[in-house]
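File shown here: protein27.cif, holding mmCIF, C-alpha atoms, pLDDT in the B column; chains and numbers go by the auth columns.
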data_final
loop_
_atom_site.group_PDB
_atom_site.id
_atom_site.type_symbol
_atom_site.label_atom_id
_atom_site.label_comp_id
_atom_site.label_asym_id
_atom_site.label_seq_id
_atom_site.Cartn_x
_atom_site.Cartn_y
_atom_site.Cartn_z
_atom_site.B_iso_or_equiv
_atom_site.auth_seq_id
_atom_site.auth_asym_id
ATOM 1 C CA MET A 1 0.000 0.000 0.000 48.00 1 A
ATOM 2 C CA SER A 2 1.199 3.482 -0.852 51.00 2 A
ATOM 3 C CA LEU A 3 0.994 6.572 1.383 54.00 3 A
ATOM 4 C CA THR A 4 0.608 9.057 -1.452 57.00 4 A
ATOM 5 C CA LEU A 5 -2.777 7.984 -2.701 57.00 5 A
ATOM 6 C CA GLY A 6 -4.701 11.208 -2.179 61.00 6 A
ATOM 7 C CA ILE A 7 -1.856 13.701 -2.652 64.00 7 A
ATOM 8 C CA ARG A 8 -0.843 14.808 -6.087 65.00 8 A
ATOM 9 C CA ARG A 9 2.631 15.952 -6.744 62.00 9 A
ATOM 10 C CA PRO A 10 2.990 19.358 -8.335 62.00 10 A
ATOM 11 C CA ARG A 11 3.776 19.122 -11.967 64.00 11 A
ATOM 12 C CA LYS A 12 6.835 20.788 -13.297 66.00 12 A
ATOM 13 C CA HIS A 13 6.268 24.092 -15.108 64.00 13 A
ATOM 14 C CA ARG A 14 6.191 23.870 -18.750 78.00 14 A
ATOM 15 C CA ALA A 15 7.864 26.493 -20.938 81.00 15 A
ATOM 16 C CA VAL A 16 4.532 27.389 -22.570 81.00 16 A
ATOM 17 C CA ASP A 17 3.057 28.320 -19.182 84.00 17 A
ATOM 18 C CA GLU A 18 6.082 30.478 -18.347 86.00 18 A
ATOM 19 C CA VAL A 19 5.871 32.275 -21.698 87.00 19 A
ATOM 20 C CA GLY A 20 2.189 33.068 -21.073 87.00 20 A
ATOM 21 C CA ARG A 21 2.951 34.373 -17.595 89.00 21 A
ATOM 22 C CA LEU A 22 5.759 36.576 -18.951 90.00 22 A
ATOM 23 C CA ARG A 23 3.482 37.940 -21.702 92.00 23 A
ATOM 24 C CA GLU A 24 0.855 38.876 -19.108 93.00 24 A
ATOM 25 C CA GLU A 25 3.498 40.591 -16.969 93.00 25 A
ATOM 26 C CA ASN A 26 4.843 42.398 -20.070 93.00 26 A
ATOM 27 C CA HIS A 27 1.308 43.591 -20.903 93.00 27 A
ATOM 28 C CA ARG A 28 0.796 44.796 -17.303 93.00 28 A
ATOM 29 C CA LEU A 29 4.124 46.665 -17.311 92.00 29 A
ATOM 30 C CA LEU A 30 3.372 48.304 -20.670 91.00 30 A
ATOM 31 C CA THR A 31 -0.005 49.440 -19.323 91.00 31 A
ATOM 32 C CA GLN A 32 1.749 50.945 -16.295 91.00 32 A
ATOM 33 C CA LEU A 33 4.292 52.592 -18.559 90.00 33 A
ATOM 34 C CA PHE A 34 1.643 54.280 -20.711 88.00 34 A
ATOM 35 C CA GLY A 35 -0.278 55.354 -17.594 89.00 35 A
ATOM 36 C CA ALA A 36 2.877 56.798 -16.062 91.00 36 A
ATOM 37 C CA ARG A 37 3.675 58.637 -19.292 92.00 37 A
ATOM 38 C CA ASP A 38 0.193 60.193 -19.297 91.00 38 A
ATOM 39 C CA HIS A 39 0.531 61.122 -15.641 93.00 39 A
ATOM 40 C CA ILE A 40 3.940 62.715 -16.254 93.00 40 A
ATOM 41 C CA ALA A 41 2.521 64.742 -19.157 93.00 41 A
ATOM 42 C CA ILE A 42 -0.313 66.023 -16.932 94.00 42 A
ATOM 43 C CA GLN A 43 2.147 66.903 -14.153 94.00 43 A
ATOM 44 C CA GLU A 44 4.410 68.762 -16.592 95.00 44 A
ATOM 45 C CA GLN A 45 1.422 70.776 -17.887 95.00 45 A
ATOM 46 C CA GLN A 46 0.407 71.653 -14.331 95.00 46 A
ATOM 47 C CA LEU A 47 3.995 72.663 -13.547 96.00 47 A
ATOM 48 C CA ALA A 48 4.034 74.966 -16.577 95.00 48 A
ATOM 49 C CA ASP A 49 0.719 76.530 -15.471 96.00 49 A
ATOM 50 C CA VAL A 50 2.008 77.062 -11.938 96.00 50 A
ATOM 51 C CA ARG A 51 5.222 78.659 -13.195 96.00 51 A
ATOM 52 C CA ALA A 52 3.220 81.023 -15.421 95.00 52 A
ATOM 53 C CA LYS A 53 1.006 82.016 -12.472 95.00 53 A
ATOM 54 C CA GLN A 54 4.082 82.486 -10.282 95.00 54 A
ATOM 55 C CA ALA A 55 5.661 84.802 -12.855 95.00 55 A
ATOM 56 C CA GLU A 56 2.428 86.792 -13.050 95.00 56 A
ATOM 57 C CA ALA A 57 2.235 87.009 -9.234 95.00 57 A
ATOM 58 C CA GLU A 58 5.853 88.192 -9.036 95.00 58 A
ATOM 59 C CA GLN A 59 5.088 90.919 -11.563 95.00 59 A
ATOM 60 C CA VAL A 60 2.056 92.020 -9.515 95.00 60 A
ATOM 61 C CA VAL A 61 4.202 92.109 -6.360 95.00 61 A
ATOM 62 C CA VAL A 62 6.818 94.276 -8.062 95.00 62 A
ATOM 63 C CA CYS A 63 4.123 96.707 -9.260 95.00 63 A
ATOM 64 C CA LEU A 64 2.529 96.841 -5.806 95.00 64 A
ATOM 65 C CA ALA A 65 5.903 97.446 -4.150 95.00 65 A
ATOM 66 C CA ALA A 66 6.594 100.361 -6.511 95.00 66 A
ATOM 67 C CA ASP A 67 3.112 101.769 -5.798 96.00 67 A
ATOM 68 C CA LEU A 68 3.683 101.391 -2.049 95.00 68 A
ATOM 69 C CA ASP A 69 7.000 103.245 -2.255 95.00 69 A
ATOM 70 C CA GLU A 70 5.366 106.065 -4.211 96.00 70 A
ATOM 71 C CA ARG A 71 2.496 106.380 -1.742 97.00 71 A
ATOM 72 C CA THR A 72 4.919 106.309 1.194 96.00 72 A
ATOM 73 C CA GLU A 73 6.797 109.245 -0.295 96.00 73 A
ATOM 74 C CA GLN A 74 3.502 111.107 -0.801 97.00 74 A
ATOM 75 C CA ARG A 75 2.506 110.427 2.820 97.00 75 A
ATOM 76 C CA ASP A 76 5.843 111.641 4.147 96.00 76 A
ATOM 77 C CA GLN A 77 5.554 114.808 2.067 97.00 77 A
ATOM 78 C CA ALA A 78 1.990 115.379 3.314 97.00 78 A
ATOM 79 C CA LEU A 79 3.123 114.932 6.941 96.00 79 A
ATOM 80 C CA ALA A 80 5.903 117.468 6.426 96.00 80 A
ATOM 81 C CA ASP A 81 3.438 119.941 4.867 96.00 81 A
ATOM 82 C CA LEU A 82 1.029 119.405 7.772 96.00 82 A
ATOM 83 C CA ALA A 83 3.748 120.045 10.350 95.00 83 A
ATOM 84 C CA ALA A 84 4.715 123.280 8.583 95.00 84 A
ATOM 85 C CA ALA A 85 1.080 124.401 8.421 95.00 85 A
ATOM 86 C CA ARG A 86 0.589 123.661 12.143 93.00 86 A
ATOM 87 C CA ALA A 87 3.693 125.684 12.974 94.00 87 A
ATOM 88 C CA GLN A 88 2.325 128.654 10.998 95.00 88 A
ATOM 89 C CA LEU A 89 -1.169 128.314 12.444 94.00 89 A
ATOM 90 C CA ALA A 90 -0.170 127.917 16.114 94.00 90 A
ATOM 91 C CA PRO A 91 0.075 131.687 16.940 93.00 91 A
ATOM 92 C CA TYR A 92 -3.342 132.320 15.382 93.00 92 A
ATOM 93 C CA LEU A 93 -4.933 129.489 17.332 92.00 93 A
ATOM 94 C CA ALA A 94 -3.391 130.741 20.586 92.00 94 A
ATOM 95 C CA ALA A 95 -4.590 134.284 19.949 93.00 95 A
ATOM 96 C CA ASP A 96 -8.085 133.031 19.129 93.00 96 A
ATOM 97 C CA ALA A 97 -8.157 130.921 22.297 92.00 97 A
ATOM 98 C CA ASN A 98 -7.072 133.891 24.417 90.00 98 A
ATOM 99 C CA ALA A 99 -9.618 136.216 22.775 91.00 99 A
ATOM 100 C CA ASN A 100 -12.501 133.782 23.272 90.00 100 A
ATOM 101 C CA ALA A 101 -11.485 132.490 26.694 88.00 101 A
ATOM 102 C CA ILE A 102 -14.270 131.937 29.190 86.00 102 A
ATOM 103 C CA THR A 103 -13.337 133.286 32.599 84.00 103 A
ATOM 104 C CA VAL A 104 -15.248 132.444 35.727 81.00 104 A
ATOM 105 C CA PRO A 105 -14.614 134.177 39.019 82.00 105 A
ATOM 106 C CA THR A 106 -13.477 131.988 41.870 82.00 106 A
ATOM 107 C CA ALA A 107 -16.410 130.474 43.638 78.00 107 A
ATOM 108 C CA GLU A 108 -17.159 131.069 47.316 76.00 108 A
ATOM 109 C CA ARG A 109 -19.567 128.895 49.158 72.00 109 A
ATOM 110 C CA ASP A 110 -22.575 130.651 50.562 74.00 110 A
ATOM 111 C CA THR A 111 -22.728 129.640 54.214 74.00 111 A
ATOM 112 C CA THR A 112 -25.566 131.887 55.292 78.00 112 A
ATOM 113 C CA ALA A 113 -28.056 129.023 55.361 79.00 113 A
ATOM 114 C CA PHE A 114 -28.072 126.889 58.527 75.00 114 A
ATOM 115 C CA GLU A 115 -27.501 123.578 56.707 77.00 115 A
ATOM 116 C CA ASP A 116 -24.564 125.001 54.725 75.00 116 A
ATOM 117 C CA GLN A 117 -22.504 126.332 57.629 72.00 117 A
ATOM 118 C CA ALA A 118 -18.849 125.401 57.698 69.00 118 A
ATOM 119 C CA THR A 119 -17.766 122.762 60.204 73.00 119 A
ATOM 120 C CA ALA A 120 -14.772 122.709 62.467 70.00 120 A
ATOM 121 C CA PRO A 121 -11.592 121.078 61.151 68.00 121 A
ATOM 122 C CA ILE A 122 -11.453 117.318 61.633 65.00 122 A
ATOM 123 C CA ASP A 123 -8.903 116.101 64.136 65.00 123 A
ATOM 124 C CA VAL A 124 -6.581 113.791 62.224 67.00 124 A
ATOM 125 C CA ARG A 125 -3.836 113.276 64.795 68.00 125 A
ATOM 126 C CA GLU A 126 -2.590 109.782 65.401 68.00 126 A
ATOM 127 C CA LEU A 127 -4.630 107.628 67.776 60.00 127 A
ATOM 128 C CA ARG A 128 -1.850 107.535 70.380 60.00 128 A
ATOM 129 C CA ASN A 129 -1.743 111.336 70.531 66.00 129 A
ATOM 130 C CA ARG A 130 -5.515 111.546 70.802 59.00 130 A
ATOM 131 C CA PHE A 131 -5.669 109.051 73.663 62.00 131 A
ATOM 132 C CA THR A 132 -2.880 110.823 75.602 62.00 132 A
ATOM 133 C CA ALA A 133 -4.969 113.973 75.431 60.00 133 A
ATOM 134 C CA GLY A 134 -7.743 111.998 77.113 59.00 134 A
ATOM 135 C CA PRO A 135 -10.721 110.063 75.914 56.00 135 A
ATOM 136 C CA VAL A 136 -13.738 111.835 74.563 52.00 136 A
ATOM 137 C CA VAL A 137 -16.420 111.393 77.209 54.00 137 A
ATOM 138 C CA SER A 138 -19.190 113.440 75.734 55.00 138 A
ATOM 139 C CA LEU A 139 -19.902 115.457 72.634 54.00 139 A
ATOM 140 C CA GLN A 140 -20.405 118.479 74.854 57.00 140 A
ATOM 141 C CA TYR A 141 -16.655 118.622 75.637 56.00 141 A
ATOM 142 C CA SER A 142 -15.320 117.884 72.158 58.00 142 A
ATOM 143 C CA PRO A 143 -13.653 120.645 70.106 59.00 143 A
ATOM 144 C CA GLN A 144 -16.324 120.253 67.443 56.00 144 A
ATOM 145 C CA ALA A 145 -19.000 121.276 69.940 56.00 145 A
ATOM 146 C CA ALA A 146 -17.815 124.865 70.199 58.00 146 A
ATOM 147 C CA ASP A 147 -20.999 125.853 68.399 58.00 147 A
ATOM 148 C CA PRO A 148 -24.008 124.586 70.395 55.00 148 A
ATOM 149 C CA THR A 149 -26.136 124.453 67.240 57.00 149 A
ATOM 150 C CA HIS A 150 -24.183 121.399 66.077 54.00 150 A
ATOM 151 C CA ILE A 151 -25.155 119.244 69.066 51.00 151 A
ATOM 152 C CA PRO A 152 -28.154 117.086 68.167 53.00 152 A
ATOM 153 C CA ALA A 153 -31.098 117.312 70.456 53.00 153 A
ATOM 154 C CA PRO A 154 -31.624 114.256 72.675 54.00 154 A
ATOM 155 C CA ALA A 155 -34.354 111.931 71.540 52.00 155 A
ATOM 156 C CA ALA A 156 -37.362 112.190 73.824 48.00 156 A
#
For the file at hand, write its structure as structure tokens.
Amino acid sequence: MSLTLGIRRPRKHRAVDEVGRLREENHRLLTQLFGARDHIAIQEQQLADVRAKQAEAEQVVVCLAADLDERTEQRDQALADLAAARAQLAPYLAADANANAITVPTAERDTTAFEDQATAPIDVRELRNRFTAGPVVSLQYSPQAADPTHIPAPAA
């Protein structure tokens, strides 16, 4: 009895099979070659378009830079003219301000009314100095009570 009953041995490759496989691989490689050539042509066209747009953009930048330089010179000239005009106009503006000045006399507070009377100065000495002078026992003996009208009436 043989042990290889159900197992087939692989057959050796024939030359015809290898030629067919090589033809298929050749066809696949040629297809890739033509696809790559088309892709390269598209990429070269896009590169040419990008270079043309870059050249146009560089030309626009050069024109804008020249325009910016010209406008900067105009601005500097206008600033110089404005400074000269301000220097010439300054005496006239000062004279006009002095001629049309609004003067108001110094104000004095009217203290004739009872509620608007001036109060005594506030004692702002340090606490230690105030306590050495003695504690304040009553409002009647405080320096602010010199005027009896300032003492509030006791509540009845």
Which distance in Å separates atom CA of Arg23 of chain A and atom CA of Arg37 of chain A, to one decimal?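 Going from atom CA of Arg23 of chain A over to atom CA of Arg37 of chain A, I get 20.8 Å.
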Atom CA of Ala55 of chain A sits from atom CA of Ala41 of chain A at a separation of 21.3 Å
Check your understanding: Quick one, how far is atom CA of Asp81 of chain A from atom CA of Ala66 of chain A?
Key ->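 Result for atom CA of Asp81 of chain A versus atom CA of Ala66 of chain A: 22.9 Å, one decimal.
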